[in-house]
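Participant: Once you've had a glance at the structure underneath, I'll fire off some questions.
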Amino acid sequence: MIAFNQVSKSFAGKAAVSDLTFTLNKGEFTVLIGTSGSGKSTTLKMINRLIEHDAGTITFAGEEIRQIDAQQLRRRMGYAIQSIGLFPHWTVARNIATVPALLNWPRQQIRARVEELLALLNLDASFASRYPHQLSGGQQQRVGVARALAADPELLLMDEPFGALDPVTRAALQQEIMRIHQLSGRTIVLVTHDIDEALLLADKIVLMDGGRIVQQGKPVTLLTQPASEFVRDFFGRSELGVRLLSLGHAGAAARRGEFLPGEAIGESMNLREALSQFIARRVDKLPVVDKQQKPLGVLHFSDLLRQRELN
Ligand SMILES: Nc1ncnc2c1ncn2[C@@H]1O[C@H](COP(=O)(O)OP(=O)(O)OP(=O)(O)O)[C@@H](O)[C@H]1O
């Protein structure tokens with residue numbers, strides 16, 4: 001869907017990103033991660049032309065983005081940022097409806113879409129008529145994501161959209177965005193410097209350092225086949241085991257056909273959380289249920305050791 005080919009950008013003669021080549025495939029969740037100042041935000045902003053690239057090509061559905069009118073390009077892409085950027089004197093409903101209004105959607109359709117998005121992001125319908133300052137920081141972040149999604153963009157760009165949130169709200173928003181991704185199969189690019197967030201959300205990780213891509217690929221590949229010492233250190237040598245566990249899920253690792261009474265864990269629980277359950281409950285087997293709460297199998301503590309093969 002988006003292809004970078006040898007893209008570079010300098011500010012005042014100083015390279016911010018150099019020689020970036022990667023593709024964002026349709027329906028894929030890509031996470032840009034890296035050290036501070038490594039060029040993640042610059043890369044993201046080049047996609048919607050908030051920053052223009054100096055060299056190389058960036059194509060969107062086969063067309064060089066310089067050939068596409070910048071306003072039209074941006075309307076095809078949702079953009080959510082950490083600082084939110086809601087218009088303070090507009091109600092939540094009007095903020096969410098920014099792009100649909102620009103696209104001249106009929107009023108009834110806009111109203112229905114706002115209601116739908118408030119529900120999707122777990123915001124009470126009554127928030128529609130409130131102003132941003134009457135919402136908590138986490139609720140404002142949700143409105144920011146709702147606004148980015150409003151016109152059903154082909155591509156969703158998110159720059160640290162869950163930054164500056166408490167861990168509970170952050171986890172809830174991560175779950176929401178995962179649900180939205182799974183529901184809609186939308187193409188998403190997210191910038192973060194939180195490794196666990198990247199591992200949780202990414203189909204593909206692009207790891208940057210000093211304006212260059214150091215390694216890109218599936219999360220498990222970066223963890224198990226790091227291309228350099230930098231990559232190994234970035235993902236934390238001492239945390240490698242639990243991070244690998246975070247990529248697997250109870251449903252996939254459970255032994256089918258076995259049954260065990262007792263308090264079950266859900267199939268979507270990741271194996272890092274399952275490890276915590278084993279230790280907290282002092283057991284070596286846990287019943288696993290599916291989304292309908294029906295027994296699915298039994299997870300054995302020893303299955304966690306096979307996780308590397310399961311990924
Ligand atoms: N508008 C600008 N003018 C001058 N230099 C800039 C500008 N925007 C970014 N830079 C520089 O380009 C480099 C990459 O910045 P960028 O914001 O893309 O990094 P980042 O990986 O997103 O960083 P962080 O995680 O700290 O937000 C940095 O050295 C930064 O100082």
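Starting from 1 in every chain, residues are counted up; chains themselves are A, B, ... following the order of the structure tokens, and ligands are numbered from 1 as listed.
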At a cut-off of 9 Å and counting only C-alpha atoms and all ligand atoms, what residues surround ligand 1? Please answer as a PyMOL selection string.
Facilitator: chain A and resi 9-12+14-17+32-45+51+159-160+191-193+208-211
Participant: The selected residues should be written to file as an mmCIF file, in the first residue's frame (atoms: N, CA and C atoms).
Facilitator:
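Listed below is the output, again-v8.cif:
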```cif
data_model
loop_
_atom_site.group_PDB
_atom_site.id
_atom_site.type_symbol
_atom_site.label_atom_id
_atom_site.label_comp_id
_atom_site.auth_asym_id
_atom_site.auth_seq_id
_atom_site.Cartn_x
_atom_site.Cartn_y
_atom_site.Cartn_z
ATOM 1 N N LYS A 9 15.773 12.478 4.340
ATOM 2 C CA LYS A 9 15.299 13.834 4.675
ATOM 3 C C LYS A 9 16.319 14.503 5.584
ATOM 4 N N SER A 10 16.693 15.722 5.244
ATOM 5 C CA SER A 10 17.605 16.488 6.104
ATOM 6 C C SER A 10 16.899 17.757 6.566
ATOM 7 N N PHE A 11 17.284 18.218 7.753
ATOM 8 C CA PHE A 11 16.857 19.540 8.223
ATOM 9 C C PHE A 11 18.121 20.386 8.347
ATOM 10 N N ALA A 12 18.154 21.499 7.663
ATOM 11 C CA ALA A 12 19.313 22.405 7.685
ATOM 12 C C ALA A 12 20.624 21.649 7.473
ATOM 13 N N LYS A 14 21.366 18.656 8.027
ATOM 14 C CA LYS A 14 21.646 17.534 8.926
ATOM 15 C C LYS A 14 20.627 16.427 8.661
ATOM 16 N N ALA A 15 21.134 15.216 8.387
ATOM 17 C CA ALA A 15 20.235 14.115 8.034
ATOM 18 C C ALA A 15 19.353 13.726 9.220
ATOM 19 N N ALA A 16 18.040 13.681 8.987
ATOM 20 C CA ALA A 16 17.115 13.196 10.023
ATOM 21 C C ALA A 16 16.814 11.726 9.774
ATOM 22 N N VAL A 17 16.590 11.360 8.505
ATOM 23 C CA VAL A 17 16.450 9.936 8.127
ATOM 24 C C VAL A 17 17.215 9.719 6.822
ATOM 25 N N LEU A 32 6.668 1.486 14.174
ATOM 26 C CA LEU A 32 7.989 2.116 14.053
ATOM 27 C C LEU A 32 8.491 2.354 15.467
ATOM 28 N N ILE A 33 9.650 1.787 15.753
ATOM 29 C CA ILE A 33 10.185 1.910 17.107
ATOM 30 C C ILE A 33 11.659 2.260 16.997
ATOM 31 N N GLY A 34 12.205 2.851 18.044
ATOM 32 C CA GLY A 34 13.630 3.170 18.021
ATOM 33 C C GLY A 34 13.991 4.117 19.138
ATOM 34 N N THR A 35 15.266 4.456 19.181
ATOM 35 C CA THR A 35 15.768 5.356 20.207
ATOM 36 C C THR A 35 15.219 6.765 19.962
ATOM 37 N N SER A 36 15.348 7.620 20.965
ATOM 38 C CA SER A 36 14.870 8.990 20.829
ATOM 39 C C SER A 36 15.653 9.701 19.723
ATOM 40 N N GLY A 37 14.926 10.427 18.878
ATOM 41 C CA GLY A 37 15.585 11.150 17.784
ATOM 42 C C GLY A 37 16.010 10.277 16.622
ATOM 43 N N SER A 38 15.526 9.032 16.580
ATOM 44 C CA SER A 38 15.970 8.110 15.519
ATOM 45 C C SER A 38 15.255 8.348 14.189
ATOM 46 N N GLY A 39 14.208 9.206 14.209
ATOM 47 C CA GLY A 39 13.557 9.551 12.947
ATOM 48 C C GLY A 39 12.173 8.937 12.760
ATOM 49 N N LYS A 40 11.586 8.418 13.824
ATOM 50 C CA LYS A 40 10.282 7.751 13.705
ATOM 51 C C LYS A 40 9.187 8.724 13.283
ATOM 52 N N SER A 41 9.099 9.860 14.019
ATOM 53 C CA SER A 41 8.024 10.818 13.704
ATOM 54 C C SER A 41 8.227 11.424 12.323
ATOM 55 N N THR A 42 9.481 11.687 11.977
ATOM 56 C CA THR A 42 9.759 12.237 10.644
ATOM 57 C C THR A 42 9.270 11.257 9.577
ATOM 58 N N THR A 43 9.534 9.980 9.801
ATOM 59 C CA THR A 43 9.109 8.953 8.836
ATOM 60 C C THR A 43 7.594 8.951 8.691
ATOM 61 N N LEU A 44 6.897 8.999 9.836
ATOM 62 C CA LEU A 44 5.434 8.967 9.808
ATOM 63 C C LEU A 44 4.880 10.201 9.084
ATOM 64 N N LYS A 45 5.450 11.356 9.413
ATOM 65 C CA LYS A 45 4.934 12.605 8.826
ATOM 66 C C LYS A 45 5.233 12.723 7.341
ATOM 67 N N ILE A 51 5.734 16.428 6.406
ATOM 68 C CA ILE A 51 7.140 16.683 6.090
ATOM 69 C C ILE A 51 7.375 16.105 4.690
ATOM 70 N N ASP A 159 0.997 8.554 16.102
ATOM 71 C CA ASP A 159 2.287 8.913 16.683
ATOM 72 C C ASP A 159 2.142 8.961 18.202
ATOM 73 N N GLU A 160 2.626 7.926 18.864
ATOM 74 C CA GLU A 160 2.529 7.832 20.326
ATOM 75 C C GLU A 160 1.128 8.185 20.827
ATOM 76 N N VAL A 191 3.802 4.800 15.857
ATOM 77 C CA VAL A 191 5.130 5.122 16.395
ATOM 78 C C VAL A 191 5.086 4.980 17.904
ATOM 79 N N THR A 192 6.071 4.299 18.452
ATOM 80 C CA THR A 192 6.156 4.206 19.911
ATOM 81 C C THR A 192 7.605 4.011 20.301
ATOM 82 N N HIS A 193 7.936 4.280 21.590
ATOM 83 C CA HIS A 193 9.234 3.799 22.032
ATOM 84 C C HIS A 193 9.064 2.764 23.140
ATOM 85 N N MET A 208 14.429 1.553 14.244
ATOM 86 C CA MET A 208 15.294 2.626 13.713
ATOM 87 C C MET A 208 16.310 3.076 14.743
ATOM 88 N N ASP A 209 17.451 3.531 14.235
ATOM 89 C CA ASP A 209 18.480 4.145 15.077
ATOM 90 C C ASP A 209 19.258 5.132 14.208
ATOM 91 N N GLY A 210 19.448 6.330 14.706
ATOM 92 C CA GLY A 210 20.227 7.329 13.975
ATOM 93 C C GLY A 210 19.715 7.591 12.566
ATOM 94 N N GLY A 211 18.394 7.574 12.389
ATOM 95 C CA GLY A 211 17.810 7.893 11.085
ATOM 96 C C GLY A 211 17.823 6.755 10.077
#
```
Participant: Among segment 126-252 of chain A, which ones does DSSP assign to helix (DSSP H, G or I) (computed from the backbone)? Answer as a PyMOL selection string.
Facilitator: chain A and resi 126-129+132-134+137-149+167-184+195-201+219-224+229-234+237-246+250-252
Participant: Contacts of segment 258-263 of chain A at 9 Å or less, counting only C-alpha atoms, minus same-chain residues fewer than 4 places along, as a list in words?
Facilitator: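 Within the cut-off, the hits are Ala254, Lys285, Leu286, Pro287, Val288, Pro295, Leu296, Gly297 and Val298 of chain A.
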Participant: Generate the output file for the selected residues, N, CA and C atoms, as a PDB file, in the first residue's frame.
Facilitator:
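Everything below was put into part22.pdb:
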```pdb
ATOM      1  N   ALA A 254      -2.499 -24.163  24.355  1.00  0.00           N
ATOM      2  CA  ALA A 254      -3.216 -25.124  25.214  1.00  0.00           C
ATOM      3  C   ALA A 254      -3.326 -26.496  24.551  1.00  0.00           C
ATOM      4  N   LYS A 285      -0.951 -26.305  35.873  1.00  0.00           N
ATOM      5  CA  LYS A 285      -1.889 -26.463  34.758  1.00  0.00           C
ATOM      6  C   LYS A 285      -3.005 -25.432  34.921  1.00  0.00           C
ATOM      7  N   LEU A 286      -3.468 -24.900  33.798  1.00  0.00           N
ATOM      8  CA  LEU A 286      -4.569 -23.924  33.851  1.00  0.00           C
ATOM      9  C   LEU A 286      -5.605 -24.265  32.783  1.00  0.00           C
ATOM     10  N   PRO A 287      -6.907 -24.326  33.168  1.00  0.00           N
ATOM     11  CA  PRO A 287      -7.927 -24.520  32.136  1.00  0.00           C
ATOM     12  C   PRO A 287      -8.024 -23.283  31.240  1.00  0.00           C
ATOM     13  N   VAL A 288      -8.257 -23.516  29.967  1.00  0.00           N
ATOM     14  CA  VAL A 288      -8.380 -22.398  29.017  1.00  0.00           C
ATOM     15  C   VAL A 288      -9.763 -22.456  28.376  1.00  0.00           C
ATOM     16  N   PRO A 295     -14.965 -24.573  27.466  1.00  0.00           N
ATOM     17  CA  PRO A 295     -13.638 -25.161  27.672  1.00  0.00           C
ATOM     18  C   PRO A 295     -12.950 -25.445  26.332  1.00  0.00           C
ATOM     19  N   LEU A 296     -11.682 -25.100  26.243  1.00  0.00           N
ATOM     20  CA  LEU A 296     -10.953 -25.255  24.992  1.00  0.00           C
ATOM     21  C   LEU A 296      -9.787 -26.231  25.150  1.00  0.00           C
ATOM     22  N   GLY A 297      -9.233 -26.289  26.354  1.00  0.00           N
ATOM     23  CA  GLY A 297      -8.107 -27.195  26.592  1.00  0.00           C
ATOM     24  C   GLY A 297      -7.411 -26.819  27.883  1.00  0.00           C
ATOM     25  N   VAL A 298      -6.206 -27.344  28.056  1.00  0.00           N
ATOM     26  CA  VAL A 298      -5.459 -27.094  29.287  1.00  0.00           C
ATOM     27  C   VAL A 298      -4.050 -26.646  28.919  1.00  0.00           C
TER      28      VAL A 298
END
```
Participant: Per DSSP on the backbone, what are the strand (DSSP E or B) residues of segment 71-222 of chain A, as number ranges by chain?
Facilitator: A: 77-81, 155-159, 187-192, 204-209, 212-217
Participant: Next, write the just-selected residues to a file, as a CSV table (one decimal), in the first residue's frame, keeping C-alpha atoms as the atom set.
Facilitator:
```
chain,number,residue,atom,x,y,z
A,77,MET,CA,-5.3,8.9,6.0
A,78,GLY,CA,-6.3,9.2,9.7
A,79,TYR,CA,-3.7,10.8,11.9
A,80,ALA,CA,-3.7,10.6,15.7
A,81,ILE,CA,-1.0,12.2,17.8
A,155,LEU,CA,-4.5,4.1,6.4
A,156,LEU,CA,-4.3,5.1,10.0
A,157,LEU,CA,-1.1,6.9,11.2
A,158,MET,CA,-0.6,7.1,14.9
A,159,ASP,CA,2.3,8.9,16.7
A,187,THR,CA,-3.7,-0.7,7.7
A,188,ILE,CA,-2.1,0.9,10.7
A,189,VAL,CA,1.3,2.5,11.3
A,190,LEU,CA,2.1,3.4,14.9
A,191,VAL,CA,5.1,5.1,16.4
A,192,THR,CA,6.2,4.2,19.9
A,204,LYS,CA,5.7,-6.0,11.6
A,205,ILE,CA,8.3,-4.0,13.5
A,206,VAL,CA,10.6,-1.4,11.8
A,207,LEU,CA,13.4,-0.7,14.3
A,208,MET,CA,15.3,2.6,13.7
A,209,ASP,CA,18.5,4.1,15.1
A,212,ARG,CA,18.3,4.5,9.6
A,213,ILE,CA,16.4,1.2,9.7
A,214,VAL,CA,18.4,-1.3,11.7
A,215,GLN,CA,16.1,-4.3,11.2
A,216,GLN,CA,12.5,-4.9,10.1
A,217,GLY,CA,10.4,-8.0,10.3
```
Participant: Name the closest residue to Gly27 of chain A among the candidates A:Ala202, A:Ala70, A:Ala172, A:Leu103; distances are taken between atoms, counting only C-alpha atoms.
Facilitator: A:Ala202
Participant: Using only C-alpha atoms, can you tell me which of A:Glu154, A:Phe4, A:Ala227, A:Leu121 comes closest to Gln175 of chain A?
Facilitator: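 Ranked by minimum distance to Gln175 of chain A, first place goes to A:Leu121.
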Participant: Could you name the residues that touch segment 124-127 of chain A at 12 Å or less, counting only C-alpha atoms, but leaving out those on the same chain fewer than 4 positions away, as a PyMOL selection string?
Facilitator: chain A and resi 91-96+111-120+131-136+139-140+142-143
Participant: Quick one: pull the distance between atom CA of Gln6 of chain A and atom CA of Thr221 of chain A, Å, one decimal.
Facilitator: 23.1 Å
Participant: Rank nothing, just name the residue among A:Ser246, A:Gly241, A:Ala280, A:Glu64 nearest to Leu305 of chain A, using only C-alpha atoms.
Facilitator: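 Of all the options, A:Gly241 lies closest to Leu305 of chain A.
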Participant: Mind giving me the straight-line distance from atom CA of Pro161 of chain A to atom CA of Val145 of chain A in Å, one decimal?
Facilitator: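 Result for atom CA of Pro161 of chain A versus atom CA of Val145 of chain A: 7.7 Å, one decimal.
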